[in-house]
Each structure stands twice: as structure tokens, then as C-alpha cells.
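K.L.:
Here you go, target-v2.tsv (TSV, C-alpha atoms):
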chain	number	residue	atom	x	y	z
A	27	MET	CA	-58.75	-79.71	50.38
A	28	ARG	CA	-55.30	-78.18	50.93
A	29	VAL	CA	-54.48	-75.01	48.99
A	30	ASN	CA	-51.04	-73.43	49.40
A	31	GLY	CA	-50.63	-75.18	52.75
A	32	LYS	CA	-54.03	-74.13	54.16
A	33	ASP	CA	-57.25	-76.10	54.58
A	34	VAL	CA	-60.05	-74.95	52.30
A	35	ALA	CA	-63.59	-76.34	52.46
A	36	LEU	CA	-64.87	-77.81	49.23
A	37	GLU	CA	-68.65	-77.73	49.43
A	38	GLU	CA	-69.63	-79.02	46.03
A	39	ARG	CA	-68.20	-80.90	43.08
A	40	ILE	CA	-66.45	-78.25	41.01
A	41	THR	CA	-63.76	-78.07	38.37
A	42	LEU	CA	-60.38	-76.49	38.98
A	43	GLU	CA	-61.37	-73.64	36.66
A	44	MET	CA	-64.52	-72.90	38.68
A	45	PHE	CA	-62.50	-72.95	41.91
A	46	LEU	CA	-59.86	-70.58	40.50
A	47	ARG	CA	-62.47	-68.15	39.15
A	48	GLU	CA	-64.45	-68.23	42.40
A	49	HIS	CA	-61.31	-67.34	44.35
A	50	LYS	CA	-60.39	-64.58	41.87
A	51	TYR	CA	-57.13	-66.06	40.67
A	52	PRO	CA	-55.98	-64.42	37.40
A	53	LEU	CA	-56.00	-67.53	35.17
A	54	ASP	CA	-53.22	-66.36	32.83
A	55	ARG	CA	-50.86	-65.34	35.67
A	56	ILE	CA	-50.70	-68.52	37.71
A	57	ALA	CA	-49.12	-71.97	37.64
A	58	VAL	CA	-51.06	-74.78	39.31
A	59	GLU	CA	-49.91	-78.08	40.71
A	60	ARG	CA	-52.43	-80.67	41.92
A	61	ASN	CA	-51.16	-83.61	43.96
A	62	HIS	CA	-47.61	-82.94	42.74
A	63	GLU	CA	-48.64	-82.87	39.10
A	64	ILE	CA	-48.61	-79.70	36.97
A	65	ILE	CA	-51.99	-78.93	35.42
A	66	SER	CA	-51.63	-76.94	32.21
A	67	LYS	CA	-54.05	-74.07	31.63
A	68	SER	CA	-55.89	-75.97	28.90
A	69	ARG	CA	-56.93	-78.62	31.46
A	70	TYR	CA	-58.32	-76.32	34.18
A	71	GLY	CA	-61.87	-76.92	32.89
A	72	GLU	CA	-61.68	-80.70	32.88
A	73	VAL	CA	-60.04	-81.37	36.26
A	74	VAL	CA	-62.66	-82.08	38.94
A	75	LEU	CA	-61.47	-81.37	42.48
A	76	THR	CA	-61.95	-83.67	45.47
A	77	GLU	CA	-61.49	-83.07	49.20
A	78	ALA	CA	-58.38	-85.22	49.17
A	79	ASP	CA	-56.62	-82.89	46.70
A	80	THR	CA	-53.62	-80.74	47.48
A	81	LEU	CA	-53.22	-77.66	45.30
A	82	GLU	CA	-50.21	-75.39	45.00
A	83	ILE	CA	-51.09	-72.20	43.16
A	84	VAL	CA	-48.23	-69.84	42.31
A	85	SER	CA	-49.31	-66.31	41.36
A	86	PHE	CA	-47.02	-64.06	39.34
A	87	VAL	CA	-46.62	-60.29	39.27
A	88	GLY	CA	-44.66	-58.41	36.60
A	89	GLY	CA	-41.02	-57.44	36.70
A	90	GLY	CA	-37.65	-58.87	35.81
B	14	MET	CA	1.74	-85.33	53.99
B	15	ARG	CA	-0.06	-84.90	50.68
B	16	VAL	CA	-1.26	-81.43	49.76
B	17	VAL	CA	-2.32	-79.77	46.52
B	18	LEU	CA	0.03	-76.92	45.63
B	19	ASN	CA	-1.09	-74.60	42.78
B	20	GLY	CA	-3.21	-77.40	41.38
B	21	GLU	CA	-0.56	-80.16	41.65
B	22	GLU	CA	-0.35	-82.92	44.26
B	23	ARG	CA	2.82	-82.68	46.37
B	24	GLU	CA	4.39	-84.55	49.31
B	25	LEU	CA	5.47	-82.12	52.05
B	26	PRO	CA	7.00	-82.39	55.54
B	27	ALA	CA	5.12	-80.80	58.46
B	28	CYS	CA	5.54	-77.02	58.14
B	29	THR	CA	3.87	-73.67	58.51
B	30	LEU	CA	2.69	-71.65	55.56
B	31	GLU	CA	5.45	-69.10	56.21
B	32	GLN	CA	8.18	-71.77	56.09
B	33	LEU	CA	6.77	-73.20	52.91
B	34	GLN	CA	6.63	-69.77	51.25
B	35	LYS	CA	10.25	-69.00	52.18
B	36	GLU	CA	11.46	-72.37	50.95
B	37	LEU	CA	9.75	-71.91	47.60
B	38	GLY	CA	10.93	-68.30	47.25
B	39	ARG	CA	7.38	-67.00	47.18
B	40	ALA	CA	7.39	-65.02	50.43
B	41	ASP	CA	5.69	-62.00	48.83
B	42	ASP	CA	2.86	-63.94	47.19
B	43	ILE	CA	-0.78	-63.91	48.21
B	44	THR	CA	-1.57	-67.30	49.73
B	45	ILE	CA	-4.94	-68.96	49.56
B	46	VAL	CA	-5.60	-72.07	51.64
B	47	ASN	CA	-8.81	-74.03	50.99
B	48	GLY	CA	-10.45	-71.05	49.34
B	49	TYR	CA	-9.49	-68.58	52.07
B	50	CYS	CA	-6.81	-65.88	52.07
B	51	THR	CA	-4.36	-67.04	54.76
B	52	SER	CA	-0.92	-65.94	55.96
B	53	GLY	CA	1.91	-66.54	58.40
B	54	VAL	CA	1.80	-69.07	61.21
B	55	TYR	CA	-0.87	-71.39	59.79
B	56	SER	CA	0.24	-75.07	60.10
B	57	VAL	CA	-0.26	-76.82	56.79
B	58	GLN	CA	-2.66	-79.78	57.15
B	59	PRO	CA	-2.79	-82.99	55.09
B	60	GLY	CA	-5.17	-82.56	52.14
B	61	ASP	CA	-4.95	-78.72	52.09
B	62	GLU	CA	-5.34	-76.98	48.75
B	63	ILE	CA	-2.77	-74.19	48.69
B	64	PHE	CA	-2.29	-71.54	46.04
B	65	PHE	CA	0.48	-68.96	45.74
B	66	VAL	CA	-0.55	-66.04	43.58
B	67	SER	CA	2.04	-63.44	42.51
B	68	ARG	CA	0.97	-59.88	43.18
B	69	GLY	CA	0.20	-57.66	40.22
B	70	SER	CA	1.58	-59.91	37.50
B	71	MET	CA	-0.46	-61.16	34.57
B	72	PRO	CA	-0.79	-64.94	34.83
B	73	LYS	CA	-0.03	-67.30	31.95
B	74	PRO	CA	-3.23	-68.53	30.26
B	75	GLY	CA	-2.82	-72.07	31.63
B	76	GLU	CA	-2.41	-70.76	35.19
B	77	LEU	CA	-5.36	-68.41	35.12
B	78	GLU	CA	-8.09	-70.98	35.62
B	79	THR	CA	-6.27	-72.62	38.53
B	80	MET	CA	-5.80	-69.21	40.14
B	81	MET	CA	-9.44	-68.32	39.70
B	82	ALA	CA	-10.51	-71.65	41.16
B	83	ALA	CA	-8.31	-70.96	44.20
B	84	ARG	CA	-10.92	-68.62	45.62
B	85	HIS	CA	-13.60	-71.30	45.50
B	86	THR	CA	-14.24	-73.56	48.45
B	87	PRO	CA	-12.61	-76.95	47.70
B	88	GLY	CA	-15.02	-79.40	46.14
B	89	VAL	CA	-17.33	-76.59	45.00
B	90	HIS	CA	-15.40	-75.72	41.85
B	91	ARG	CA	-15.38	-79.27	40.52
B	92	LYS	CA	-19.15	-79.58	40.93
B	93	VAL	CA	-20.14	-76.19	39.50
B	94	LYS	CA	-17.77	-76.60	36.55
B	95	LYS	CA	-19.81	-79.61	35.47
B	96	GLY	CA	-23.06	-77.65	35.88
B	97	ARG	CA	-25.29	-76.73	32.96
B	98	VAL	CA	-27.69	-73.88	33.63
B	99	GLY	CA	-30.22	-72.25	31.31
B	100	ILE	CA	-31.36	-68.65	31.70
B	101	ALA	CA	-34.67	-67.66	30.12
B	102	GLY	CA	-34.70	-63.89	29.63
B	103	LEU	CA	-31.65	-61.62	29.92
B	104	GLY	CA	-33.13	-58.49	31.49
B	105	GLY	CA	-32.60	-57.20	35.02
B	106	LEU	CA	-32.73	-60.67	36.53
B	107	GLY	CA	-31.18	-62.82	33.81
B	108	SER	CA	-28.21	-60.57	33.00
B	109	HIS	CA	-27.17	-60.47	36.66
B	110	ILE	CA	-27.80	-64.17	37.24
B	111	ALA	CA	-25.58	-64.97	34.25
B	112	VAL	CA	-22.71	-62.81	35.52
B	113	MET	CA	-22.96	-64.21	39.05
B	114	LEU	CA	-22.96	-67.80	37.81
B	115	ALA	CA	-19.99	-67.01	35.57
B	116	ARG	CA	-18.05	-65.60	38.53
B	117	THR	CA	-18.99	-68.73	40.48
B	118	GLY	CA	-17.45	-70.86	37.73
B	119	VAL	CA	-20.57	-72.66	36.46
B	120	GLY	CA	-19.16	-74.50	33.44
B	121	HIS	CA	-21.97	-74.28	30.89
B	122	LEU	CA	-24.42	-71.41	30.52
B	123	LEU	CA	-27.27	-71.30	28.02
B	124	LEU	CA	-28.44	-67.70	27.52
B	125	VAL	CA	-31.74	-67.13	25.73
B	126	ASP	CA	-33.35	-63.80	24.77
B	127	PHE	CA	-34.61	-62.21	21.53
B	128	ASP	CA	-34.08	-58.58	22.52
B	129	VAL	CA	-31.44	-55.89	21.97
B	130	VAL	CA	-29.94	-53.58	24.61
B	131	GLU	CA	-31.81	-50.27	24.89
B	132	PRO	CA	-31.20	-47.12	26.96
B	133	SER	CA	-34.17	-47.97	29.19
B	134	ASN	CA	-32.38	-51.17	30.28
B	135	LEU	CA	-29.42	-49.37	31.86
B	136	ASN	CA	-31.23	-48.49	35.10
B	137	ARG	CA	-31.08	-52.11	36.28
B	138	GLN	CA	-29.66	-54.53	33.71
B	139	ASN	CA	-26.04	-55.60	33.46
B	140	TYR	CA	-25.24	-53.73	30.24
B	141	MET	CA	-23.35	-50.56	29.38
B	142	ILE	CA	-23.56	-47.69	26.89
B	143	SER	CA	-21.16	-49.59	24.65
B	144	HIS	CA	-23.70	-52.43	24.36
B	145	LEU	CA	-26.60	-50.26	23.08
B	146	GLY	CA	-28.16	-51.84	20.01
B	147	MET	CA	-26.38	-55.16	20.49
B	148	LYS	CA	-28.26	-58.39	21.01
B	149	LYS	CA	-28.47	-59.08	24.73
B	150	THR	CA	-27.14	-62.59	24.18
B	151	GLU	CA	-24.01	-61.22	22.46
B	152	ALA	CA	-23.46	-58.38	24.94
B	153	LEU	CA	-23.62	-60.82	27.84
B	154	LYS	CA	-21.42	-63.44	26.17
B	155	MET	CA	-18.77	-60.74	25.64
B	156	GLN	CA	-18.87	-59.72	29.29
B	157	ILE	CA	-18.62	-63.31	30.51
B	158	GLY	CA	-15.57	-63.79	28.26
B	159	GLN	CA	-13.93	-60.94	30.22
B	160	ILE	CA	-14.92	-62.42	33.59
B	161	ASN	CA	-14.16	-66.10	33.06
B	162	PRO	CA	-13.04	-67.23	29.60
B	163	TYR	CA	-13.21	-70.90	30.63
B	164	ILE	CA	-17.00	-70.92	30.71
B	165	GLU	CA	-18.80	-72.43	27.77
B	166	VAL	CA	-21.50	-69.95	26.78
B	167	GLU	CA	-24.22	-70.95	24.36
B	168	THR	CA	-26.63	-68.27	23.14
B	169	ILE	CA	-29.98	-68.55	21.39
B	170	ASP	CA	-31.70	-65.50	19.91
B	171	VAL	CA	-35.33	-66.41	20.00
B	172	LYS	CA	-38.57	-65.48	21.70
B	173	ILE	CA	-39.31	-68.35	24.07
B	174	ASP	CA	-42.85	-69.73	24.02
B	175	ALA	CA	-44.79	-72.82	25.11
B	176	GLU	CA	-43.87	-74.66	21.91
B	177	ASN	CA	-40.09	-74.14	21.79
B	178	ALA	CA	-39.25	-74.05	25.54
B	179	LYS	CA	-38.74	-77.78	25.98
B	180	GLY	CA	-36.41	-78.15	23.00
B	181	ILE	CA	-34.31	-75.14	23.98
B	182	PHE	CA	-33.74	-76.06	27.61
B	183	GLN	CA	-33.55	-79.84	27.40
B	184	GLY	CA	-30.30	-81.01	28.98
B	185	CYS	CA	-30.04	-78.19	31.57
B	186	GLN	CA	-29.82	-79.28	35.22
B	187	VAL	CA	-31.30	-76.02	36.42
B	188	ILE	CA	-33.25	-73.34	34.55
B	189	CYS	CA	-33.85	-69.75	35.67
B	190	GLU	CA	-37.11	-68.07	34.74
B	191	ALA	CA	-36.12	-64.42	34.35
B	192	PHE	CA	-38.95	-62.93	32.28
B	193	ASP	CA	-40.75	-59.65	32.82
B	194	ALA	CA	-44.42	-60.30	31.97
B	195	PRO	CA	-46.43	-62.31	34.51
B	196	GLU	CA	-48.26	-64.23	31.74
B	197	THR	CA	-44.94	-65.37	30.26
B	198	LYS	CA	-43.65	-66.36	33.71
B	199	ALA	CA	-46.78	-68.44	34.37
B	200	GLU	CA	-46.77	-70.20	31.01
B	201	PHE	CA	-43.02	-70.98	31.07
B	202	THR	CA	-43.19	-72.31	34.64
B	203	ALA	CA	-45.99	-74.74	33.80
B	204	VAL	CA	-44.35	-75.91	30.57
B	205	ILE	CA	-40.91	-76.53	32.05
B	206	LEU	CA	-42.18	-78.32	35.15
B	207	GLU	CA	-44.55	-80.45	33.09
B	208	LYS	CA	-42.32	-81.30	30.13
B	209	LEU	CA	-38.83	-81.49	31.64
B	210	PRO	CA	-39.07	-83.88	34.58
B	211	GLY	CA	-35.81	-84.01	36.51
B	212	THR	CA	-34.99	-80.35	35.79
B	213	TYR	CA	-35.08	-77.77	38.55
B	214	LEU	CA	-36.65	-74.38	37.92
B	215	VAL	CA	-35.80	-71.20	39.87
B	216	GLY	CA	-38.26	-68.40	39.14
B	217	ALA	CA	-38.99	-64.88	40.35
B	218	SER	CA	-42.01	-62.80	41.25
B	219	GLY	CA	-42.16	-59.47	43.11
B	220	MET	CA	-39.07	-57.26	43.10
B	221	ALA	CA	-40.28	-53.81	41.91
B	222	GLY	CA	-39.98	-50.60	43.92
B	223	TYR	CA	-37.94	-49.91	47.03
B	224	ALA	CA	-39.75	-51.68	49.86
B	225	SER	CA	-37.57	-53.50	52.39
B	226	ALA	CA	-34.96	-55.70	50.77
B	227	ASN	CA	-35.63	-58.27	53.50
B	228	ALA	CA	-39.06	-59.05	52.04
B	229	ILE	CA	-37.34	-60.73	49.09
B	230	HIS	CA	-36.80	-64.39	49.88
B	231	THR	CA	-36.53	-67.85	48.32
B	232	GLU	CA	-39.33	-70.33	48.80
B	233	LYS	CA	-39.61	-73.96	47.72
B	234	ARG	CA	-43.11	-73.99	46.22
B	235	MET	CA	-43.02	-77.37	44.49
B	236	GLU	CA	-40.72	-80.40	44.47
B	237	ARG	CA	-38.56	-78.98	41.63
B	238	TYR	CA	-39.62	-75.32	41.77
B	239	PHE	CA	-38.19	-72.47	43.81
B	240	LEU	CA	-39.64	-68.96	43.76
B	241	CYS	CA	-37.62	-65.85	44.64
B	242	GLY	CA	-39.03	-62.39	45.33
B	243	ASP	CA	-41.48	-60.81	47.75
B	244	GLN	CA	-44.33	-62.33	45.69
B	245	THR	CA	-46.35	-59.08	45.77
B	246	SER	CA	-44.42	-56.07	44.39
B	247	GLY	CA	-45.29	-56.04	40.69
B	248	ALA	CA	-43.94	-53.45	38.27
B	249	ALA	CA	-46.67	-50.83	37.82
B	250	PRO	CA	-47.05	-47.08	37.28
B	251	GLY	CA	-45.53	-45.48	40.39
B	252	GLN	CA	-43.62	-48.65	41.26
B	253	GLY	CA	-40.86	-49.13	38.72
B	254	LEU	CA	-38.12	-51.72	38.63
B	255	MET	CA	-34.99	-50.46	40.36
B	256	ALA	CA	-31.48	-51.83	40.45
B	257	PRO	CA	-31.17	-52.79	44.15
B	258	ARG	CA	-34.22	-55.03	44.57
B	259	VAL	CA	-33.87	-56.51	41.07
B	260	GLN	CA	-30.26	-57.45	41.82
B	261	ILE	CA	-31.16	-58.82	45.24
B	262	CYS	CA	-33.77	-61.04	43.63
B	263	ALA	CA	-31.26	-62.12	40.95
B	264	GLY	CA	-28.84	-62.92	43.79
B	265	HIS	CA	-31.45	-65.13	45.42
B	266	GLN	CA	-31.93	-66.98	42.15
B	267	ALA	CA	-28.20	-67.39	41.49
B	268	ASN	CA	-27.61	-68.66	45.03
B	269	MET	CA	-30.43	-71.18	44.73
B	270	VAL	CA	-28.91	-72.38	41.43
B	271	LEU	CA	-25.55	-72.79	43.17
B	272	ARG	CA	-27.18	-74.74	46.00
B	273	LEU	CA	-28.95	-77.05	43.56
B	274	LEU	CA	-25.70	-77.69	41.67
B	275	LEU	CA	-24.18	-78.63	45.04
B	276	GLU	CA	-27.09	-81.03	45.57
B	277	LEU	CA	-28.73	-78.99	48.30
B	278	HIS	CA	-32.36	-79.35	47.35
B	279	GLU	CA	-33.99	-77.24	50.05
B	280	GLU	CA	-34.26	-73.44	50.13
For this file, produce the structure as C-alpha cells.

P.N.:
Amino acid sequence: MRVNGKDVALEERITLEMFLREHKYPLDRIAVERNHEIISKSRYGEVVLTEADTLEIVSFVGGG
Amino acid sequence: MRVVLNGEERELPACTLEQLQKELGRADDITIVNGYCTSGVYSVQPGDEIFFVSRGSMPKPGELETMMAARHTPGVHRKVKKGRVGIAGLGGLGSHIAVMLARTGVGHLLLVDFDVVEPSNLNRQNYMISHLGMKKTEALKMQIGQINPYIEVETIDVKIDAENAKGIFQGCQVICEAFDAPETKAEFTAVILEKLPGTYLVGASGMAGYASANAIHTEKRMERYFLCGDQTSGAAPGQGLMAPRVQICAGHQANMVLRLLLELHEE
């Protein structure tokens, strides 16, 4: 699987939410695109990842 | 040859700028050729856009817009004047983005914020003592009226959320995410990209403190999404938001908006 332009091994069938938690992404401070489609936060638990997927995960810090 | 002289098409013989100025009795004027201050021996070329601007005199209202446009690169003004840009949040980023886009001549600006100007804003936001207590939307609209009165400014006083974002920003070509809280940034980014296909979003993350200004950059993260900032420097105790880096980041956002309006879709 490709995540933010880098190859990441996907060893088992997991949901997007499991992947994000495992990699310590703060779920309420990110925006996620999978194969050029935005996945809203409410769908993280239902999207099952495959090795062919490309994820873009944007993380936000405070300030503006 | 055909040239455009103070906004009007004219037929001219071959001449230098100096000769033309003398002939028209405007030898003391500032001359701007194709968006660039020019003088003297320059040979006028077919298709040039030439402006003569009298020094120190107050222009007539009808002339003002033409004179302001003179400083823009030809072709740019026409495109940005048709532009419609939404700004979500009018703090340190949004207030500066709005002013920069106004100076650039972007024709339609939609300014959205629910807040009022407070003393703690003055360290980095584009407001003054005289604006304290005013709605940010109103304070900014007033300033833009003083910078470029030909810009159509629409303001909405509301707290933006996942439910109302689509309705508010529908119809904008480009939207700037200029919020403070990372949760709000994340939610707005997902909603806009999901629900407004065809709209570009220019967001920001990482501009607190006083680390190198060069770390702040623009990155195309998704097909219609550009992110400005150093992507790491969050506002936190001991690392406050300060005017220089906040304005640099706002500058990155405003420049990306300008590029998108000019149909340049890469960072």
C-alpha cells in the first residue's frame, strides 16, 4: 500500500480506522483520501484496506 | 500600431515613450507599460498597455480602477477580477489573505467568521485598535473598501461547521481554510473536498513560533488540495503565533489562490 508517497506493508486485512490507530494518527486532526476519494471520519471503521490502495493522510497542527 | 492607452484602444505611429509623453503633454507623469514602471527611450510596441498617471493628484472615481489595474501584469487583472474566493476564518491567516487578494484585484471575496476583534488578535491579525469589539467580517470589509472599492465583498457572520460549510461556500472557485483549531481544519478540509467537487481548497498547518521562515512551503497534497505551512509547528505553550510566520503562511496561501485563478494548478 502507498501512504503519503511511501510504500507501507499491509500484513493483514484491516480497516482504515485500525490502520490509523496502529500508526498513532490523531483521528480528529487528520483528513484522509483513499484512491483519490475523501473518506469522512464516520467511514473510517467501515473502509477495509487492500494492498492496491493509495492513502494520502494530511495531519493538522493548531494555529491560524 | 494598436496600443491600449489609459484603458482605451488607440492607433499610434512608431514612437518612443518619451515622444508620446511630450506629444500628449504628460511629460511629468508616471508611466506604466505592461504592468511595469517604465521611462524614457523605450520604443512602444504593438499591443502594449500604457498608462500615464499624474503625480500626487486624486484621480476621478472612473479613472481609479483603470489606474489600479495598471500595476497588474496584462491579462492577470481580467482573470482575477472574475475570480470568486471564499475565506473560512478571519484570524491571522484569513485577515491577511483577504487583504492580499483585495490588493491583487480578486473581484469577489466571501469572508466568513463569527468572532469579534479582541486585543489579543493585534499581535498578528490585520486589525487595529479602532476595530476592537467590531465583527471581524465588518472590520475587514471596511479595510478592503479603503484598499480597492471595486471589489465585491460578501460577509457571513456564522460559526462554520460540517453542516453549513457546503451551502456557504458553494459557487467559490477557490476556498481558503484559515482556522485555528486542528480539529476544525481537519473537518472542514474533508467536508469541502468531499461535497464541493470542482472547488480548490488551500489550507494551512504549521506556522507558530520563529523557526526558519524557509520551512514554510506550499505542497499539493491532493488533486484539488494545497497545504501551506511547515506542517509541524503547532501553536502551544512556549510556541505562540507570531506575525512574521503567520503572514508568510498567509502569503503562501494567497499566492496559491492567485495561481489557481490564473489556471496554474501545480504548486

K.L.:
Excluding region 56-68 of chain A and its own-chain neighbours fewer than 5 positions away, which residues fall within 7 Å of it when counting all atoms listed in the file? Please give them as a list of chain:residue names.

P.N.:
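Here the qualifying residues turn out to be A:Asp79, A:Thr80, A:Leu81, A:Glu82, A:Ile83, A:Val84, A:Ser85, A:Phe86, B:Ala199, B:Thr202, B:Ala203, B:Leu206, B:Glu207.
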
K.L.:
How would the residues just picked look written out with C-alpha atoms as a compact mmCIF listing (two decimals), keeping the file's coordinate frame?

P.N.:
# COMPACT_ATOMS: atom_id res chain seq x y z
CA ASP A 79 -56.62 -82.89 46.70
CA THR A 80 -53.62 -80.74 47.48
CA LEU A 81 -53.22 -77.66 45.30
CA GLU A 82 -50.21 -75.39 45.00
CA ILE A 83 -51.09 -72.20 43.16
CA VAL A 84 -48.23 -69.84 42.31
CA SER A 85 -49.31 -66.31 41.36
CA PHE A 86 -47.02 -64.06 39.34
CA ALA B 199 -46.78 -68.44 34.37
CA THR B 202 -43.19 -72.31 34.64
CA ALA B 203 -45.99 -74.74 33.80
CA LEU B 206 -42.18 -78.32 35.15
CA GLU B 207 -44.55 -80.45 33.09

K.L.:
Please work out which residues fall within 9 Å of (-64.9, -85.8, 40.3), coordinates as given in the file, with all atoms listed in the file counting, and return them as an NGL selection string.

P.N.:
:A and (39-41 or 73-76)

K.L.:
Neighbours of region 81-94 of chain B within 12 Å (all atoms listed in the file; same-chain residues fewer than 5 positions away dropped), as a PyMOL selection string?

P.N.:
chain B and resi 17-20+43-51+60-66+72+74-76+114-122+160-165+186-187+268+270-276

K.L.:
Taking all atoms listed in the file into account, find every residue of chain B that has an atom no more than 6 Å from chain A, and write it out as a list of chain:residue names.

P.N.:
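Interface list for chain B against chain A: B:Gly105, B:Leu106, B:Ala191, B:Phe192, B:Asp193, B:Ala194, B:Pro195, B:Glu196, B:Ala199, B:Ala203, B:Glu207, B:Ser218, B:Gly219, B:Gly247, B:Ala248.
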
K.L.:
Could you check the closest approach to Met80 (chain B) for each of B:Ile173, B:Arg68, B:Tyr238, B:Leu25 and tell me which residue wins, using all atoms listed in the file?

P.N.:
B:Arg68

K.L.:
By how many Å are CA of Leu145 (chain B) and CA of Ala226 (chain B) apart?

P.N.:
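Calculated distance between CA of Leu145 (chain B) and CA of Ala226 (chain B) is 29.4 Å.
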
K.L.:
At what distance in Å, to one decimal, does CA of Leu123 (chain B) lie from CA of Ile188 (chain B)?

P.N.:
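So the two atoms, CA of Ile188 (chain B) and CA of Leu123 (chain B), lie 9.1 Å apart.
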
K.L.:
CA of Ala35 (chain A) and CA of His49 (chain A) are how many Å apart?

P.N.:
12.3 Å

K.L.:
Each side padded by 6 Å, which centre and which edge lengths in Å (one decimal) define the axis-aligned box around the listed atoms of region 44-57 of chain A? Give them as lines of an AutoDock Vina configuration file.

P.N.:
center_x = -56.8
center_y = -68.7
center_z = 38.6
size_x = 27.4
size_y = 20.5
size_z = 23.5

K.L.:
Which is closest to Gln138 (chain B) among B:Met113, B:Ala256, B:Arg234, B:Met14, if we use all atoms listed in the file?

P.N.:
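Once distances to Gln138 (chain B) are computed over all atoms listed in the file, the minimum belongs to B:Ala256.
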